[in-house]
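coords18.cif, holding mmCIF, C-alpha atoms:
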```cif
data_coords
#
loop_
_atom_site.label_atom_id
_atom_site.label_comp_id
_atom_site.auth_asym_id
_atom_site.auth_seq_id
_atom_site.Cartn_x
_atom_site.Cartn_y
_atom_site.Cartn_z
CA SER P 799 0.00 0.00 0.00
CA LEU P 800 0.94 3.65 -0.34
CA LEU P 801 1.05 4.06 3.42
CA TYR P 802 3.41 1.11 3.74
CA THR P 803 5.60 2.46 0.95
CA ILE P 804 5.88 5.84 2.60
CA LYS P 805 6.80 4.29 5.92
CA PHE P 806 9.37 2.08 4.26
CA GLU P 807 10.96 4.88 2.26
CA PHE P 808 11.49 6.98 5.39
CA SER P 809 12.52 4.11 7.66
CA PRO P 810 15.50 5.02 9.91
CA CYS P 811 17.20 1.84 8.75
CA ASP P 812 17.51 3.27 5.23
CA MET P 813 18.78 6.69 6.33
CA PRO P 814 22.33 7.47 5.20
CA PRO P 815 25.00 7.07 7.92
CA ILE P 816 26.19 10.14 9.78
CA CYS P 817 29.55 11.21 8.42
CA CYS P 818 32.64 12.16 10.40
CA VAL P 819 33.14 15.93 10.21
CA GLU P 820 36.90 15.45 9.83
CA CYS P 821 37.35 12.73 7.22
CA GLY P 822 33.86 12.11 5.82
CA GLY P 823 33.85 8.47 6.91
CA ARG P 824 31.22 6.84 9.09
CA ALA P 825 30.90 8.63 12.43
CA GLN P 826 31.05 6.39 15.49
CA LEU P 827 30.73 8.86 18.35
CA LYS P 828 29.65 12.35 19.28
CA ARG P 829 32.10 14.51 21.22
CA PRO P 830 30.69 15.62 24.60
CA LYS P 831 32.57 18.92 24.36
CA ASN P 832 31.04 20.26 21.13
CA ARG P 833 28.62 17.51 19.94
CA LYS P 834 30.58 16.96 16.71
CA GLU P 835 30.32 13.51 15.10
CA LEU P 836 33.66 11.75 14.58
CA CYS P 837 35.04 8.35 13.69
CA ARG P 838 37.30 6.71 16.23
CA GLU P 839 40.58 7.50 14.49
CA CYS P 840 39.69 11.15 14.06
CA PHE P 841 38.62 11.33 17.70
CA TYR P 842 42.00 9.93 18.77
CA SER P 843 43.77 12.45 16.55
CA VAL P 844 41.76 15.47 17.73
CA PHE P 845 41.95 14.42 21.40
CA GLU P 846 45.74 14.04 21.32
CA ALA P 847 46.26 17.19 19.21
CA GLU P 848 44.31 19.34 21.68
CA ILE P 849 46.41 18.11 24.62
CA HIS P 850 49.61 18.66 22.63
CA HIS P 851 48.45 22.22 21.94
CA THR P 852 47.76 22.77 25.64
CA ILE P 853 51.26 21.55 26.54
CA THR P 854 53.11 23.58 23.91
CA SER P 855 51.07 26.80 24.12
CA ASN P 856 51.60 26.96 27.89
CA SER P 857 55.26 25.82 27.75
CA LEU P 858 54.65 23.21 30.42
CA PHE P 859 57.98 21.42 29.92
CA LYS P 860 61.43 21.88 28.51
CA PRO P 861 63.76 19.22 27.04
CA GLY P 862 65.59 17.22 29.69
CA ASP P 863 62.94 17.65 32.40
CA THR P 864 62.26 14.69 34.66
CA VAL P 865 58.48 14.55 35.01
CA ALA P 866 56.60 12.57 37.66
CA ILE P 867 53.19 11.34 36.51
CA GLY P 868 50.76 11.10 39.41
CA ALA P 869 49.48 7.55 38.91
CA SER P 870 46.49 6.21 40.84
CA GLY P 871 45.36 3.53 38.39
CA GLY P 872 42.14 5.40 37.58
CA LYS P 873 41.00 6.55 34.15
CA ASP P 874 42.53 10.03 34.35
CA SER P 875 46.01 8.97 35.44
CA THR P 876 46.08 5.97 33.08
CA VAL P 877 45.12 8.10 30.07
CA LEU P 878 47.63 10.73 31.25
CA ALA P 879 50.46 8.19 31.34
CA HIS P 880 49.46 6.88 27.88
CA ILE P 881 49.19 10.38 26.39
CA MET P 882 52.43 11.66 27.94
CA LYS P 883 54.40 8.70 26.64
CA THR P 884 52.76 8.92 23.20
CA LEU P 885 53.28 12.67 22.75
CA ASN P 886 56.78 12.58 24.22
CA GLU P 887 57.82 10.04 21.58
CA ARG P 888 55.80 11.57 18.73
CA HIS P 889 56.82 15.21 19.18
CA GLY P 890 60.25 14.76 20.78
CA TYR P 891 59.61 16.57 24.06
CA GLY P 892 62.80 15.03 25.46
CA LEU P 893 61.23 14.23 28.85
CA ASN P 894 62.25 11.58 31.35
CA LEU P 895 58.93 10.16 32.57
CA VAL P 896 58.39 8.29 35.85
CA LEU P 897 55.25 7.02 37.55
CA LEU P 898 54.65 8.19 41.12
CA SER P 899 51.92 6.55 43.20
CA ILE P 900 50.70 7.28 46.72
CA ASP P 901 49.35 4.46 48.87
CA GLU P 902 46.86 6.05 51.26
CA GLY P 903 46.24 2.77 53.05
CA ILE P 904 42.61 2.18 52.04
CA SER P 905 41.87 -1.53 52.16
CA GLY P 906 39.78 -2.87 49.30
CA TYR P 907 40.46 0.19 47.16
CA ARG P 908 44.01 1.48 46.94
CA ASP P 909 45.65 -1.94 47.22
CA ASP P 910 43.65 -3.08 44.16
CA SER P 911 44.28 0.10 42.15
CA LEU P 912 48.02 -0.16 42.78
CA GLU P 913 47.98 -3.51 41.01
CA THR P 914 46.67 -1.63 37.96
CA VAL P 915 49.50 0.90 38.30
CA LYS P 916 52.04 -1.93 38.39
CA ARG P 917 50.58 -3.32 35.16
CA ASN P 918 50.76 0.18 33.63
CA GLN P 919 54.44 0.29 34.56
CA ILE P 920 55.05 -2.79 32.45
CA GLN P 921 52.77 -1.67 29.60
CA TYR P 922 54.40 1.76 29.24
CA ASP P 923 57.90 0.68 30.29
CA LEU P 924 58.24 3.50 32.86
CA PRO P 925 59.91 3.51 36.30
CA LEU P 926 57.52 3.39 39.26
CA LYS P 927 57.86 4.75 42.79
CA ILE P 928 55.23 4.03 45.47
CA LEU P 929 55.10 6.01 48.73
CA SER P 930 52.68 5.25 51.54
CA TYR P 931 51.02 7.40 54.19
CA GLN P 932 52.24 4.86 56.73
CA GLU P 933 55.91 5.47 56.01
CA LEU P 934 55.50 9.24 55.58
CA TYR P 935 53.10 10.06 58.41
CA GLY P 936 52.75 6.93 60.53
CA TRP P 937 49.02 6.76 59.72
CA THR P 938 46.86 5.08 57.09
CA MET P 939 43.53 6.44 55.90
CA ASP P 940 41.80 3.40 57.40
CA ALA P 941 43.25 4.34 60.79
CA ILE P 942 42.39 8.02 60.33
CA VAL P 943 38.77 7.24 59.44
CA LYS P 944 38.57 4.97 62.46
CA GLU P 945 39.74 7.92 64.57
CA ILE P 946 37.66 10.75 63.05
CA GLY P 947 34.73 8.98 61.39
CA MET P 948 33.43 9.42 57.85
CA LYS P 949 33.14 13.20 58.09
CA ASN P 950 36.09 15.36 56.96
CA ASN P 951 38.20 12.33 56.01
CA CYS P 952 38.70 13.71 52.48
CA THR P 953 40.22 16.86 54.02
CA PHE P 954 42.92 14.82 55.74
CA CYS P 955 43.54 12.69 52.65
CA GLY P 956 43.78 15.69 50.30
CA VAL P 957 46.30 17.54 52.47
CA PHE P 958 48.47 14.46 53.04
CA ARG P 959 48.30 13.40 49.40
CA ARG P 960 49.42 16.77 48.04
CA GLN P 961 52.43 16.81 50.33
CA ALA P 962 53.19 13.14 49.64
CA LEU P 963 53.34 13.81 45.88
CA ASP P 964 55.78 16.66 46.45
CA ARG P 965 57.94 14.53 48.74
CA GLY P 966 57.94 11.67 46.25
CA ALA P 967 58.87 13.94 43.37
CA ALA P 968 61.71 15.41 45.44
CA LEU P 969 63.02 11.91 46.21
CA LEU P 970 63.05 11.18 42.47
CA SER P 971 64.73 14.55 41.71
CA CYS P 972 61.87 15.53 39.42
CA ASP P 973 61.50 18.94 37.80
CA LYS P 974 57.73 18.78 37.30
CA ILE P 975 54.68 16.82 38.44
CA VAL P 976 51.79 16.19 36.06
CA THR P 977 48.36 15.27 37.40
CA GLY P 978 45.21 14.04 35.69
CA HIS P 979 43.00 16.95 36.80
CA ASN P 980 40.55 17.48 33.96
CA ALA P 981 38.20 20.32 32.99
CA ASP P 982 35.38 18.89 35.12
CA ASP P 983 37.65 18.73 38.19
CA ILE P 984 38.76 22.34 37.78
CA ALA P 985 35.22 23.64 37.20
CA GLU P 986 34.05 21.76 40.32
CA THR P 987 36.86 23.34 42.33
CA VAL P 988 35.86 26.82 41.13
CA ILE P 989 32.27 26.19 42.27
CA MET P 990 33.41 24.80 45.63
CA ASN P 991 35.70 27.75 46.33
CA ILE P 992 32.93 30.22 45.45
CA LEU P 993 30.47 28.45 47.75
CA ARG P 994 33.02 28.39 50.58
CA GLY P 995 34.20 31.95 49.98
CA ASP P 996 37.79 30.71 49.70
CA ILE P 997 39.34 33.64 47.86
CA ALA P 998 42.93 32.41 48.19
CA ARG P 999 42.25 29.06 46.52
CA LEU P 1000 39.86 30.58 43.98
CA GLY P 1001 42.68 32.77 42.73
CA ARG P 1002 44.95 29.85 41.90
CA CYS P 1003 42.70 26.83 41.27
CA THR P 1004 42.39 27.55 37.53
CA SER P 1005 46.14 27.90 36.97
CA ILE P 1006 47.52 25.29 34.60
CA VAL P 1007 50.86 25.43 36.46
CA THR P 1008 51.06 25.85 40.21
CA GLY P 1009 54.08 26.06 42.48
CA THR P 1010 56.83 28.44 43.51
CA GLU P 1011 60.60 28.55 43.19
CA ASP P 1012 60.95 26.48 46.35
CA VAL P 1013 58.36 23.85 45.37
CA ILE P 1014 58.23 21.47 42.41
CA SER P 1015 55.75 22.81 39.86
CA ARG P 1016 52.55 20.92 39.08
CA CYS P 1017 51.07 20.87 35.59
CA LYS P 1018 47.58 19.99 34.34
CA PRO P 1019 47.73 18.92 30.67
CA PHE P 1020 44.03 17.93 30.88
CA LYS P 1021 42.87 21.40 31.97
CA TYR P 1022 40.59 21.76 28.92
CA THR P 1023 39.80 18.06 28.49
CA TYR P 1024 36.34 16.82 29.43
CA GLU P 1025 36.01 13.84 31.75
CA LYS P 1026 33.59 12.08 29.38
CA GLU P 1027 36.10 12.31 26.55
CA ILE P 1028 38.82 10.83 28.76
CA VAL P 1029 36.50 7.91 29.51
CA MET P 1030 35.72 7.49 25.79
CA TYR P 1031 39.42 7.55 24.89
CA ALA P 1032 40.28 4.96 27.55
CA HIS P 1033 37.35 2.77 26.49
CA PHE P 1034 38.00 2.80 22.74
CA LYS P 1035 41.76 2.41 23.23
CA LYS P 1036 41.07 -0.48 25.64
CA LEU P 1037 43.43 0.96 28.25
CA ASP P 1038 43.93 -0.90 31.52
CA TYR P 1039 42.47 1.22 34.34
CA PHE P 1040 40.74 0.83 37.69
CA THR P 1041 37.08 1.92 37.91
CA THR P 1042 36.03 1.48 41.55
CA GLU P 1043 35.28 4.68 43.50
CA CYS P 1044 37.01 5.34 46.80
CA ILE P 1045 34.98 3.81 49.62
CA TYR P 1046 35.34 7.00 51.70
CA SER P 1047 34.36 9.52 48.99
CA PRO P 1048 30.51 9.33 48.86
CA ASN P 1049 30.23 11.91 51.64
CA ALA P 1050 32.74 14.30 50.06
CA TYR P 1051 31.67 17.93 49.62
CA ARG P 1052 32.90 17.80 46.02
CA GLY P 1053 30.08 15.40 45.17
CA HIS P 1054 27.50 18.19 45.45
CA ALA P 1055 29.47 20.43 43.08
CA ARG P 1056 29.87 17.51 40.67
CA THR P 1057 26.12 16.82 40.60
CA TYR P 1058 25.40 20.49 39.92
CA LEU P 1059 28.01 20.61 37.14
CA LYS P 1060 26.65 17.49 35.42
CA ASP P 1061 23.18 19.03 35.37
CA LEU P 1062 24.60 22.16 33.74
CA GLU P 1063 26.51 20.09 31.19
CA LYS P 1064 23.32 18.34 30.08
CA ILE P 1065 21.77 21.70 29.28
CA ARG P 1066 24.87 23.36 27.85
CA PRO P 1067 28.11 21.35 27.39
CA ARG P 1068 30.12 24.56 27.04
CA ALA P 1069 29.28 25.45 30.67
CA ILE P 1070 32.33 23.57 31.98
CA LEU P 1071 34.80 25.67 30.00
CA ASP P 1072 32.82 28.84 30.76
CA ILE P 1073 33.12 28.23 34.51
CA ILE P 1074 36.88 27.76 34.15
CA LYS P 1075 37.09 31.00 32.14
CA SER P 1076 35.07 32.81 34.79
CA GLY P 1077 37.46 31.54 37.47
CA GLU P 1078 40.42 32.81 35.47
CA ASP P 1079 38.87 36.26 34.96
CA MET P 1080 37.76 36.87 38.55
CA ALA P 1081 39.67 39.79 40.04
CA ILE P 1082 40.40 40.14 43.75
CA LYS P 1083 40.08 43.58 45.30
CA GLY P 1084 43.32 45.11 46.46
CA GLU P 1085 42.09 45.58 50.02
CA VAL P 1086 41.34 41.87 50.45
CA LYS P 1087 43.89 40.36 52.83
CA MET P 1088 45.52 37.30 51.29
CA PRO P 1089 47.52 34.67 53.20
CA VAL P 1090 51.28 35.09 53.07
CA GLN P 1091 53.27 32.06 52.00
CA MET P 1092 55.67 30.85 54.68
CA THR P 1093 57.72 27.74 55.40
CA CYS P 1094 56.69 25.18 57.99
CA GLU P 1095 59.03 25.34 60.99
CA ARG P 1096 58.81 21.58 61.45
CA CYS P 1097 58.96 19.93 58.02
CA GLY P 1098 60.00 22.78 55.72
CA TYR P 1099 56.90 22.50 53.51
CA ILE P 1100 55.07 25.60 52.27
CA SER P 1101 52.43 26.93 54.66
CA SER P 1102 50.44 30.02 55.58
CA GLY P 1103 51.48 29.84 59.23
CA ALA P 1104 54.21 28.61 61.53
CA LEU P 1105 53.14 25.00 60.84
CA CYS P 1106 51.78 23.57 57.60
CA LYS P 1107 48.34 21.99 57.46
CA ALA P 1108 49.77 18.47 57.38
CA CYS P 1109 51.77 18.99 60.58
CA ILE P 1110 48.75 20.54 62.31
CA MET P 1111 46.63 17.55 61.32
CA LEU P 1112 49.28 15.09 62.46
CA ASP P 1113 49.46 16.87 65.82
CA GLY P 1114 45.71 16.54 66.19
CA LEU P 1115 45.77 12.85 65.30
CA ASN P 1116 48.72 12.01 67.51
CA LYS P 1117 47.20 13.83 70.49
CA GLY P 1118 43.78 12.27 70.01
CA ARG P 1119 42.19 15.62 69.11
CA PRO P 1120 41.84 15.53 65.29
CA GLN P 1121 38.83 17.87 65.31
CA LEU P 1122 41.13 20.76 66.26
CA SER P 1123 43.08 20.49 63.00
CA ILE P 1124 40.15 21.14 60.66
CA GLY P 1125 37.68 23.94 60.22
CA LYS P 1126 38.07 27.61 60.97
CA ASN P 1127 39.89 29.17 63.90
CA ASN P 1128 36.72 30.25 65.71
CA LYS P 1129 35.51 26.65 65.65
CA ARG P 1130 38.79 25.48 67.18
CA LYS P 1131 38.57 28.17 69.85
CA LYS P 1132 35.08 27.02 70.76
CA ILE P 1133 36.21 23.41 71.11
CA LEU P 1134 39.23 24.40 73.22
CA LYS P 1135 37.11 26.59 75.47
CA LEU P 1136 34.63 23.77 76.03
CA GLU P 1137 37.49 21.43 76.92
CA ALA P 1138 39.02 24.05 79.22
CA GLU P 1139 35.65 24.50 80.94
CA LYS P 1140 35.41 20.77 81.53
CA LEU P 1141 38.91 20.78 83.01
CA ARG P 1142 38.06 23.68 85.30
CA ASN P 1143 34.91 21.95 86.50
CA SER P 1144 36.74 18.70 87.13
CA SER P 1145 39.56 20.50 88.98
CA VAL P 1146 37.11 22.06 91.45
CA THR P 1147 36.00 18.70 92.86
CA PRO P 1148 38.48 16.11 91.65
CA PRO P 1149 37.31 12.52 92.06
CA ASN P 1150 40.63 11.35 93.50
CA SER P 1151 42.57 14.07 95.27
CA VAL P 1152 45.67 14.15 97.41
CA ASP P 1153 46.49 16.37 100.37
CA ASN P 1154 47.43 19.40 98.27
CA GLY P 1155 44.00 19.36 96.56
CA VAL P 1156 45.41 18.43 93.17
CA SER P 1157 43.88 15.60 91.15
CA GLU P 1158 45.97 12.45 90.68
CA ASP P 1159 45.53 13.02 86.93
CA THR P 1160 47.55 16.22 87.28
CA THR P 1161 51.06 17.18 88.31
CA ASN P 1162 51.90 20.09 90.61
CA LEU P 1163 54.45 22.28 88.80
CA GLY P 1164 54.73 24.86 91.56
CA ASN P 1165 54.02 28.61 91.35
CA GLY P 1166 50.32 27.86 91.16
CA LYS P 1167 50.63 25.80 87.97
CA VAL P 1168 49.19 22.32 87.48
CA ALA P 1169 49.85 20.10 84.45
CA ASP P 1170 46.95 17.91 83.33
CA SER P 1171 47.27 14.47 81.75
CA GLY P 1172 46.38 15.85 78.30
CA GLY P 1173 49.56 17.91 78.06
CA GLY P 1174 47.95 21.23 79.07
CA VAL P 1175 48.53 23.43 82.10
CA ILE P 1176 45.88 24.84 84.46
CA LEU P 1177 46.90 28.08 86.15
CA SER P 1178 45.72 29.02 89.61
CA ASN P 1179 43.46 31.66 88.03
CA GLY P 1180 41.62 28.96 86.08
CA ASN P 1181 43.09 29.67 82.63
CA HIS P 1182 43.94 26.56 80.62
CA ILE P 1183 47.23 26.53 78.73
CA VAL P 1184 47.95 24.12 75.87
CA GLN P 1185 51.46 23.91 74.43
CA GLY P 1186 52.56 26.93 76.46
CA ARG P 1187 49.71 29.20 75.39
CA THR P 1188 46.26 30.03 76.69
CA VAL P 1189 43.20 29.17 74.64
CA GLU P 1190 42.85 32.79 73.59
CA GLU P 1191 46.49 32.95 72.45
CA MET P 1192 46.45 29.77 70.38
CA PHE P 1193 44.66 31.20 67.33
#
```
Could the structure of this file be written out as structure tokens, please?
Amino acid sequence: SLLYTIKFEFSPCDMPPICCVECGGRAQLKRPKNRKELCRECFYSVFEAEIHHTITSNSLFKPGDTVAIGASGGKDSTVLAHIMKTLNERHGYGLNLVLLSIDEGISGYRDDSLETVKRNQIQYDLPLKILSYQELYGWTMDAIVKEIGMKNNCTFCGVFRRQALDRGAALLSCDKIVTGHNADDIAETVIMNILRGDIARLGRCTSIVTGTEDVISRCKPFKYTYEKEIVMYAHFKKLDYFTTECIYSPNAYRGHARTYLKDLEKIRPRAILDIIKSGEDMAIKGEVKMPVQMTCERCGYISSGALCKACIMLDGLNKGRPQLSIGKNNKRKKILKLEAEKLRNSSVTPPNSVDNGVSEDTTNLGNGKVADSGGGVILSNGNHIVQGRTVEEMF
């Protein structure tokens, strides 16, 4: 019948195939970044060419540099290792590449992903160095989570991991560190810093190179590369990578920013790059007080105070008071004051006292000073001193 003929003539099965915009062949995918249809080979070519352009236009490396690739076994770091080796050989960058992995001590996650990294070492024929939190800090993330719970664990891990990468790169005498931070990651960080009002981090989170003269520089060759395209590249190239999410990350604050960003991307794919551009163009008023970069008195790492964040966190963990190492200063003051109040109340009517009226949990230091078992000092006027300072003087 005529109706049947019309339906048959316009059947989707008989429609001509969509052509690749680059070569005219049969398209096999649509790029998430710009919705252009490409065949696989053209996608590989465009993907690699864009990263090469990012590297060369920003002068990320110079011949002879020893570059540490932050390798976790995930899709980003695996594609990064593959791309860096490919482009280094293809374009003659003259780089000495090494894989650097950090073992956070997360059972059922990091131990499995490190097996992937070890296979990558063989596949790409690159040296591999693995450093663990246990040997660097005396703690594993499993032990930290057991101490602090599931809240704020990503804060500890992020601080320790950043310093661990720098320490590992220094051990390997590296000139640069490259990480797999992609466009999605950077856009999420911009959103997070805006929501938290973190002006200092907002000013530098979009930089493609971070670091100072005293610290090994970090580079982000994937700054303009979409996460979905990295996944597509790894999938079509059949790269060996680890896909399981960290067991401690579901409660991370970043997850909310990621959900928001994915919703924006569905409406307008360009939104990711626009957010990065907005972060780059934001200007900070001259009267805004910015933190001054200093050197940690204990470990020599960069910091904004006498001690770096990692040393402060380690102090909190080692003293059984990890909550004091996170959050803002006013929150720490409140916690310390509450603890001091408890100590004052307990010192008024100690459960087990000796003749001089001092609790057995304390030590009489003379001159009206009493040391408590937690390492603090209670003065005769009731003020509580921790590490030689009163609560009010600590922050």
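Shortest separation to Pro1048 (chain P) among P:Ala847, P:Val976, P:Met948, P:Ile1074 occurs at residue P:Met948, atoms counted being all atoms listed in the file.
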Running the PyMOL selection byres ((chain P and resi 870-886) around 6) on this model by hand, what would come out? Give it as a PyMOL selection string.
chain P and resi 869+887-891+899+911+914-915+978+1039-1040
Just to be explicit: take each residue in the selection above, keep C-alpha atoms, and write the result as a CSV table (one decimal), in the frame of the given file.
```csv
chain,number,residue,atom,x,y,z
P,869,ALA,CA,49.5,7.6,38.9
P,887,GLU,CA,57.8,10.0,21.6
P,888,ARG,CA,55.8,11.6,18.7
P,889,HIS,CA,56.8,15.2,19.2
P,890,GLY,CA,60.2,14.8,20.8
P,891,TYR,CA,59.6,16.6,24.1
P,899,SER,CA,51.9,6.6,43.2
P,911,SER,CA,44.3,0.1,42.2
P,914,THR,CA,46.7,-1.6,38.0
P,915,VAL,CA,49.5,0.9,38.3
P,978,GLY,CA,45.2,14.0,35.7
P,1039,TYR,CA,42.5,1.2,34.3
P,1040,PHE,CA,40.7,0.8,37.7
```
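Between CA of Ile989 (chain P) and CA of Leu963 (chain P) lies a distance of 24.7 Å.
With CA of Asp964 (chain P) on one side and CA of Ile1014 (chain P) on the other, the separation reads 6.7 Å.
Compared by their closest atoms to Asp923 (chain P), and using only C-alpha atoms, the residues P:Lys1075, P:Asp909, P:Leu897, P:Gly903 rank with P:Leu897 nearest.
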Result set, the PyMOL selection byres ((chain P and resi 1067) around 12) on current file, as a ChimeraX atom specification
/P:829-834,981-982,1024-1026,1059-1066,1068-1073
Explicit residues for the PyMOL selection byres ((chain P and resi 1099) around 10) (as a ChimeraX atom specification)
/P:961,964-965,1012-1013,1092-1098,1100-1101,1105-1109
Write the selection just made, keeping C-alpha atoms, as a PDB file, in the frame of the given file?
```pdb
ATOM      1  CA  GLN P 961      52.430  16.810  50.330  1.00  0.00           C
ATOM      2  CA  ASP P 964      55.780  16.660  46.450  1.00  0.00           C
ATOM      3  CA  ARG P 965      57.940  14.530  48.740  1.00  0.00           C
ATOM      4  CA  ASP P1012      60.950  26.480  46.350  1.00  0.00           C
ATOM      5  CA  VAL P1013      58.360  23.850  45.370  1.00  0.00           C
ATOM      6  CA  MET P1092      55.670  30.850  54.680  1.00  0.00           C
ATOM      7  CA  THR P1093      57.720  27.740  55.400  1.00  0.00           C
ATOM      8  CA  CYS P1094      56.690  25.180  57.990  1.00  0.00           C
ATOM      9  CA  GLU P1095      59.030  25.340  60.990  1.00  0.00           C
ATOM     10  CA  ARG P1096      58.810  21.580  61.450  1.00  0.00           C
ATOM     11  CA  CYS P1097      58.960  19.930  58.020  1.00  0.00           C
ATOM     12  CA  GLY P1098      60.000  22.780  55.720  1.00  0.00           C
ATOM     13  CA  ILE P1100      55.070  25.600  52.270  1.00  0.00           C
ATOM     14  CA  SER P1101      52.430  26.930  54.660  1.00  0.00           C
ATOM     15  CA  LEU P1105      53.140  25.000  60.840  1.00  0.00           C
ATOM     16  CA  CYS P1106      51.780  23.570  57.600  1.00  0.00           C
ATOM     17  CA  LYS P1107      48.340  21.990  57.460  1.00  0.00           C
ATOM     18  CA  ALA P1108      49.770  18.470  57.380  1.00  0.00           C
ATOM     19  CA  CYS P1109      51.770  18.990  60.580  1.00  0.00           C
TER      20      CYS P1109
END
```
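Among the candidates P:Asn950, P:Gln826, P:Thr1042, P:Thr1023, the one nearest to Phe841 (chain P) when counting only C-alpha atoms is P:Gln826.
Take CA of Leu912 (chain P) and CA of Phe845 (chain P): the distance between them is 26.6 Å.
Nearest-residue note for Thr1008 (chain P): choosing from P:Ala866, P:Ala1081, P:Ile975, P:Leu893, the minimum distance belongs to P:Ile975, counting all atoms listed in the file.
Using only C-alpha atoms, the smallest distance between any of P:Ser855, P:Asn1049, P:Ser1076, P:Gln921 and Gly1001 (chain P) comes from P:Ser1076.
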Closest of P:Val1086, P:Cys821, P:Val865, P:Ala1032 to Ala967 (chain P), counting only C-alpha atoms, is P:Val865
Could you pull region 997-1011 of chain P out of the structure just shown and give N, CA and C atoms as a compact mmCIF listing (two decimals), in the first residue's frame?
```
# COMPACT_ATOMS: atom_id res chain seq x y z
N ILE P 997 38.76 32.76 48.87
CA ILE P 997 39.34 33.64 47.86
C ILE P 997 40.75 33.21 47.48
N ALA P 998 41.54 32.78 48.45
CA ALA P 998 42.93 32.41 48.19
C ALA P 998 43.01 31.26 47.19
N ARG P 999 42.22 30.21 47.43
CA ARG P 999 42.25 29.06 46.52
C ARG P 999 41.57 29.38 45.18
N LEU P 1000 40.55 30.21 45.21
CA LEU P 1000 39.86 30.58 43.98
C LEU P 1000 40.81 31.28 43.02
N GLY P 1001 41.75 32.04 43.58
CA GLY P 1001 42.68 32.77 42.73
C GLY P 1001 43.69 31.90 42.01
N ARG P 1002 43.92 30.69 42.51
CA ARG P 1002 44.95 29.85 41.90
C ARG P 1002 44.44 28.51 41.36
N CYS P 1003 43.17 28.17 41.64
CA CYS P 1003 42.70 26.83 41.27
C CYS P 1003 42.58 26.62 39.77
N THR P 1004 42.50 27.70 38.98
CA THR P 1004 42.39 27.55 37.53
C THR P 1004 43.75 27.60 36.83
N SER P 1005 44.81 27.82 37.58
CA SER P 1005 46.14 27.90 36.97
C SER P 1005 46.56 26.54 36.41
N ILE P 1006 47.10 26.55 35.22
CA ILE P 1006 47.52 25.29 34.60
C ILE P 1006 48.85 24.82 35.18
N VAL P 1007 49.61 25.76 35.75
CA VAL P 1007 50.86 25.43 36.46
C VAL P 1007 50.79 26.08 37.82
N THR P 1008 51.03 25.31 38.86
CA THR P 1008 51.06 25.85 40.21
C THR P 1008 52.40 25.49 40.86
N GLY P 1009 52.81 26.30 41.80
CA GLY P 1009 54.08 26.06 42.48
C GLY P 1009 54.89 27.33 42.55
N THR P 1010 55.92 27.30 43.35
CA THR P 1010 56.83 28.44 43.51
C THR P 1010 58.25 27.97 43.24
N GLU P 1011 59.19 28.88 43.42
CA GLU P 1011 60.60 28.55 43.19
C GLU P 1011 61.08 27.47 44.14
```
